[in-house]
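See below for the structure under consideration.
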Amino acid sequence: MASSNSTLNATVANVTDRIRERSAERRALYEARMEDQHRRGVHRGELSCGNLAHGFAACGTEDKNALKLMNSANLGIISAYNDMLSAHQPLETFPETIKAAARAMGSTAQFAGGVPAMCDGVTQGQPGMELSLFSRDVIAMASAVGLSHNMFDAALYLGVCDKIVPGLFIAAARFGHLPAMFVPAGPMPSGLPNKEKARIRQLFAEGKASREELLEAESQSYHSPGTCTFYGTANSNQLMMEMMGLHLPGTSFVNPGTEMREALTGFATEQAIRNTEPGGDYRPFYRQIDERAIVNAIVGLLASGGSTNHTLHLVAMAAAAGLTITWEDFTDLSAVTPSLMRIYPNGQADINHFQAAGGMSFLFRELFAAGLIHDDIPTVFGTDLTAYTQEPFLEDGKLVWREGPKASLDSDVLTGVSTPFAPTGGLTVLDGNLGRGVIKISAVAEEHRVVEAPVKIFEDQNDLKGAFEAGELDRDVIAVVRFQGPKANGMPELHKLTPYLGVLQDRGHKVALVTDGRMSGASGKVPAAIHLSPEALDGGPLAKLRDGDIVRLDANAGTLETRVEARAWADRERHVAELDHYHVGLGRELFGGFRHLAMRGEEGASVFGGFEADDLLRQDGQIHDEDA
């Protein structure tokens with residue numbers, strides 16, 4: 001379906017069309033499956049009396065009576081609450097707010113299931129980080145278990161951070177016959193300025209600041225309940241959910257523990273009930289999320305300078321909804337999407353400054369005006385996306401929406417399409433004889449975007465610290481950290497390396513990172529070619545590199561090449577790494593099957609295979625069950 005926006009940018013239109021065309025068969029099969037699930041019944045009425053009695057045995061009398069009647073909506077709550085992680089701690093009180101709001105509407109809500117929520121900030125550089133990416137798929141499966149009881153007319157998904165929202169989205173797609181509402185918790189208030197935090201991290205890396213000073217700086221940065229305020233994967237998640245119409249307008253970046261946040265959670269419940277069949281305006285996920293919504297998410301990510309992790313997550317998320325997107329889609333959209341936000345690591349402000357400067361309503365207004373996003377997609381708000389130029393306010397305790405600002409209130413943080421911070425979205429694909437990867441350059445200065453230098457090879461990120469401290473890296477160098485892909489060890493983030501490489505860059509050296517692993521959603525000033533595919537363990541050319549080989553990373557040209565003579569390179573044997581130490585301890589031995597099943601980074605690094613795509617290949621006789 002074409003957008004109603006007559007001024008839609010030609011590249012945006014072309015990318016949307018080619019996603020639709022390449023996905024046509026698998027999307028049709030996906031929609032047919034969702035329609036079949038709907039026909040089979042999403043209601044409690046499909047359950048036997050014994051099944052149903054088990055389903056509401058723990059409810060109070062009022063809720064039991066409502067559930068027996070079958071003519072009211074019952075919401076399933078899937079939550080990533082835990083009280084160790086600041087972003088998810090506020091979710092503790094959300095179920096009671098939701099249940100109360102549902103009762104006031106003559107409906108019910110039940111806590112269907114909890115999902116794990118791990119923090120990459122806690123596990124950064126630790127063995128637990130090797131479970132991080134796979135936790136996305138665990139979250140999707142845990143959500144499926146919670147919703148499998150067939151008690152629910154809609155689902156509310158409560159989650160915030162890196163892998164949690166993509167995992168919840170994948171589950172929502174596979175339960176696409178149910179209406180879905182994503183309910184965020186909001187960012188913590190601003191703490192220590194990001195520039196000062198980064199300065200102390202680098203001083204510590206050089207041995208010029210004590211651990212006590214470092215801990216104090218970190219504690220002042222991450223200091224209260226709520227999402228971390230820098231613009232990493234967590235806040236990128238929230239922006240994308242709103243860009244797809246899965247949040248209420250203006251709800252992404254309202255601080256937790258406020259009257260506004262409480263009101264938005266209650267209204268989300270009410271709106272979810274309206275979106276059910278008993279509520280009279282059935283809006284299932286599968287009719288809401290199509291290629292237009294995914295393109296909107298990509299454009300929003302690019303315009304905001306968002307997390308590179310979504311070059312993995314969005315591929316997997318789209319696949320769950322029967323859509324095939326590629327890294328070329330990101331690159332082509334990046335070329336026409338201006339950079340409109342400067343939030344750390346792309347600037348010094350944080351997400352609260354963005355909200356104050358005009359926030360999502362202004363961003364939507366600018367992207368609509370430039371024809372960069374589809375305006376006609378259905379949303380959970382009961383409108384098309386044009387309503388998202390509004391923002392919420394409280395009038396005598398009642399939630400209302402008004403038009404947001406027509407001009408940025410801080411042009412150093414948020415700007416319009418006529419005066420962008422950069423003409424492109426700052427994300428590109430790198431291709432060459434070392435494989436294919438991605439690089440985020442929105443925080444990389446122009447003079448650092450092309451690096452040609454000898455490589456120093458590492459197969460464990462902890463070894464780079466030792467090399468730095470020994471002075472082995474005090475020169476022009478490209479650090480290659482390989483055997484970090486999903487099949488090797490779960491594709492951990494390597495953000496722990498950023499301060500060391502940043503110090504070398506500040507000393508005037510040409511420095512870059514090349515890896516088949518990931519970087520943090522806060523990828524910063526050091527050029528990093530990441531997600532190299534195929535990974536070293538899976539036939540990737542990174543396994544052929546040797547210390548001292550010359551590599552050229554050219555972010556402007558989109559190339560990543562070794563300068564080794566072509567015949568010698570073709571004849572060179574691949575190094576075989578010893579990886580056993582990655583596979584045991586802290587539960588890593590439980591994920592051997594995930595490592596075995598993991599797809600390539602360019603395919604989303606998922607363990608689920610191709611969903612409908614695999615079925616279509618079976619129908620064509622191209623794969624057999626024993627190969628799947």
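Chain identifiers are assigned as A, B, and so on, following the order in which chains appear in the structure tokens; residues are numbered from 1 within each chain, and ligands are numbered from 1 in order of appearance.
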How close does each residue of segment 176-224 of chain A get to segment 485-498 of chain A, giving the shortest atom pair and distance in Å to one decimal for every residue with an atom at most 10 Å away, counting only C-alpha atoms, sorted by chain and residue number, as a Markdown table?
| residue | atom | partner | partner_atom | distance |
| --- | --- | --- | --- | --- |
| A:Ala198 | CA | A:Thr498 | CA | 9.9 |
| A:Arg201 | CA | A:Thr498 | CA | 9.4 |
| A:Gln202 | CA | A:Thr498 | CA | 8.8 |
| A:Ala205 | CA | A:Leu497 | CA | 9.6 |
Set the distance at 12 Å and use only C-alpha atoms: which residues neighbour Val584 of chain A once local chain neighbours fewer than 3 positions away are removed? I'd like the list as number ranges by chain.
A: 127-128, 130-131, 489, 579-581, 587-592
Write a file of the just-selected residues containing C-alpha atoms, as a PDB file, in the first residue's frame.
ATOM      1  CA  PRO A 127      31.428 -13.114  30.528  1.00  0.00           C
ATOM      2  CA  GLY A 128      27.736 -12.372  31.008  1.00  0.00           C
ATOM      3  CA  GLU A 130      28.100 -13.169  25.820  1.00  0.00           C
ATOM      4  CA  LEU A 131      24.482 -13.967  26.747  1.00  0.00           C
ATOM      5  CA  ASN A 489      30.613 -16.484  21.603  1.00  0.00           C
ATOM      6  CA  LEU A 579      37.077 -20.901  21.897  1.00  0.00           C
ATOM      7  CA  ASP A 580      36.272 -23.348  24.702  1.00  0.00           C
ATOM      8  CA  HIS A 581      36.899 -20.726  27.375  1.00  0.00           C
ATOM      9  CA  GLY A 587      25.455 -20.129  32.277  1.00  0.00           C
ATOM     10  CA  ARG A 588      27.158 -19.884  28.897  1.00  0.00           C
ATOM     11  CA  GLU A 589      27.090 -23.662  28.574  1.00  0.00           C
ATOM     12  CA  LEU A 590      23.270 -23.439  28.419  1.00  0.00           C
ATOM     13  CA  PHE A 591      23.484 -21.480  25.170  1.00  0.00           C
ATOM     14  CA  GLY A 592      25.414 -23.959  23.031  1.00  0.00           C
TER      15      GLY A 592
END
List the spatial neighbours of segment 178-187 of chain A as JSON, numbers by chain - criterion: any atom at most 8 Å away, only C-alpha atoms, same-chain residues fewer than 2 positions off excluded.
{"A": [42, 87, 88, 90, 91, 153, 154, 155, 156, 157, 158, 159, 160, 172, 175, 176, 189, 225, 226, 227, 228, 229, 238, 241, 246, 247, 251, 252, 253, 254, 255, 256, 261, 265, 268, 272, 275, 276, 282, 283, 284, 285, 351, 352, 380]}
Take the residues that were just selected and, keeping C-alpha atoms, output them as a short mmCIF file (atom, residue, chain, number, x, y, z; two decimals), in the first residue's frame.
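After the write, part-v1.cif holds the following:
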data_model
loop_
_atom_site.label_atom_id
_atom_site.label_comp_id
_atom_site.auth_asym_id
_atom_site.auth_seq_id
_atom_site.Cartn_x
_atom_site.Cartn_y
_atom_site.Cartn_z
CA VAL A 42 -8.18 -15.46 20.72
CA ALA A 87 15.37 1.29 33.58
CA HIS A 88 13.05 -1.53 34.63
CA PRO A 90 9.77 1.64 37.72
CA LEU A 91 7.77 -1.14 36.04
CA ASP A 153 -7.72 -10.07 23.83
CA ALA A 154 -4.65 -7.80 23.67
CA ALA A 155 -1.16 -7.62 25.14
CA LEU A 156 0.70 -4.83 26.90
CA TYR A 157 4.49 -5.06 26.62
CA LEU A 158 6.46 -3.41 29.41
CA GLY A 159 10.14 -3.06 28.59
CA VAL A 160 12.82 -0.52 27.83
CA ALA A 172 4.17 -9.30 19.42
CA PHE A 175 1.10 -13.13 18.33
CA GLY A 176 0.16 -10.63 15.63
CA PRO A 189 16.58 12.73 35.43
CA PRO A 225 15.31 4.81 38.62
CA GLY A 226 14.79 5.24 34.89
CA THR A 227 16.58 4.64 31.62
CA CYS A 228 20.18 5.82 31.16
CA THR A 229 20.00 9.27 29.60
CA GLN A 238 11.72 4.02 22.58
CA MET A 241 8.40 2.25 18.94
CA LEU A 246 3.26 1.35 18.98
CA HIS A 247 3.50 3.96 21.76
CA THR A 251 5.14 8.93 25.82
CA SER A 252 8.71 7.75 25.16
CA PHE A 253 10.73 10.18 27.26
CA VAL A 254 8.52 11.16 30.21
CA ASN A 255 10.38 10.58 33.48
CA PRO A 256 9.23 7.76 35.79
CA ARG A 261 3.87 8.90 33.56
CA THR A 265 0.16 4.16 31.70
CA ALA A 268 -2.42 3.11 27.45
CA ALA A 272 -5.52 -1.09 24.45
CA ASN A 275 -8.30 -1.62 20.28
CA THR A 276 -9.66 -5.11 21.06
CA TYR A 282 -9.99 -4.27 16.56
CA ARG A 283 -6.41 -3.25 15.71
CA PRO A 284 -4.22 -6.36 15.62
CA PHE A 285 -0.46 -5.96 15.41
CA ILE A 351 17.59 12.58 26.22
CA ASN A 352 15.94 14.90 28.75
CA VAL A 380 -2.31 2.27 18.80
#
Could you tell me how far atom CA of Ser304 of chain A lies from atom CA of Thr419 of chain A, in Å and to one decimal?
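Value for the atom CA of Ser304 of chain A-atom CA of Thr419 of chain A distance: 14.2 Å.
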Kindly indicate which residue among A:Leu532, A:Ala117, A:Val400, A:Ile478 lies nearest to Leu264 of chain A, using only C-alpha atoms for the distances.
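Residue with the minimum atom-to-atom distance to Leu264 of chain A: A:Val400.
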Measuring between only C-alpha atoms, which one of A:Glu218, A:Glu35, A:Glu328, A:Asp460 shows the shortest distance to Pro193 of chain A?
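Using only C-alpha atoms, Pro193 of chain A sits closest to A:Glu218.
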Would you list the contacts of segment 392-398 of chain A as JSON, numbers by chain, taking every protein, DNA or RNA residue within 12 Å and counting only C-alpha atoms, but skipping same-chain residues closer than 3 positions in sequence?
{"A": [248, 249, 250, 251, 252, 253, 254, 258, 259, 260, 261, 262, 263, 264, 266, 267, 359, 360, 361, 387, 388, 389, 401, 402, 403, 404]}
Could you save the residues just selected, with C-alpha atoms, as a tab-separated table (two decimals), in the first residue's frame?
chain	number	residue	atom	x	y	z
A	248	LEU	CA	1.05	6.68	22.62
A	249	PRO	CA	2.16	10.04	21.17
A	250	GLY	CA	4.84	11.72	23.26
A	251	THR	CA	5.14	8.93	25.82
A	252	SER	CA	8.71	7.75	25.16
A	253	PHE	CA	10.73	10.18	27.26
A	254	VAL	CA	8.52	11.16	30.21
A	258	THR	CA	5.66	11.50	37.75
A	259	GLU	CA	1.94	12.19	37.56
A	260	MET	CA	2.24	12.33	33.78
A	261	ARG	CA	3.87	8.90	33.56
A	262	GLU	CA	1.14	7.39	35.74
A	263	ALA	CA	-1.56	9.00	33.59
A	264	LEU	CA	0.03	7.73	30.37
A	266	GLY	CA	-3.52	4.32	32.64
A	267	PHE	CA	-4.48	5.76	29.26
A	359	GLY	CA	11.08	16.00	21.56
A	360	MET	CA	9.24	13.53	19.39
A	361	SER	CA	6.45	15.88	18.29
A	387	ALA	CA	-1.46	12.69	15.40
A	388	TYR	CA	2.09	12.15	16.68
A	389	THR	CA	2.97	15.82	16.17
A	401	TRP	CA	-2.94	16.06	23.66
A	402	ARG	CA	-1.96	19.38	22.09
A	403	GLU	CA	0.16	20.27	19.09
A	404	GLY	CA	3.84	20.32	19.90
Quick one: of A:Asp376, A:Glu92, A:Asp120, A:Glu62, who's nearest to Arg518 of chain A, counting only C-alpha atoms?
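Once distances to Arg518 of chain A are computed over only C-alpha atoms, the minimum belongs to A:Asp120.
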Please provide the set of residues having any atom within 10 Å of Glu452 of chain A, restricted to only C-alpha atoms, with same-chain residues fewer than 5 positions apart removed, written as a ChimeraX atom specification.
/A:476-478,510-512,550-554,560-563
What's the separation between atom CA of Thr337 of chain A and atom CA of Gly610 of chain A, in Å to one decimal place?
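Result for atom CA of Thr337 of chain A versus atom CA of Gly610 of chain A: 29.0 Å, one decimal.
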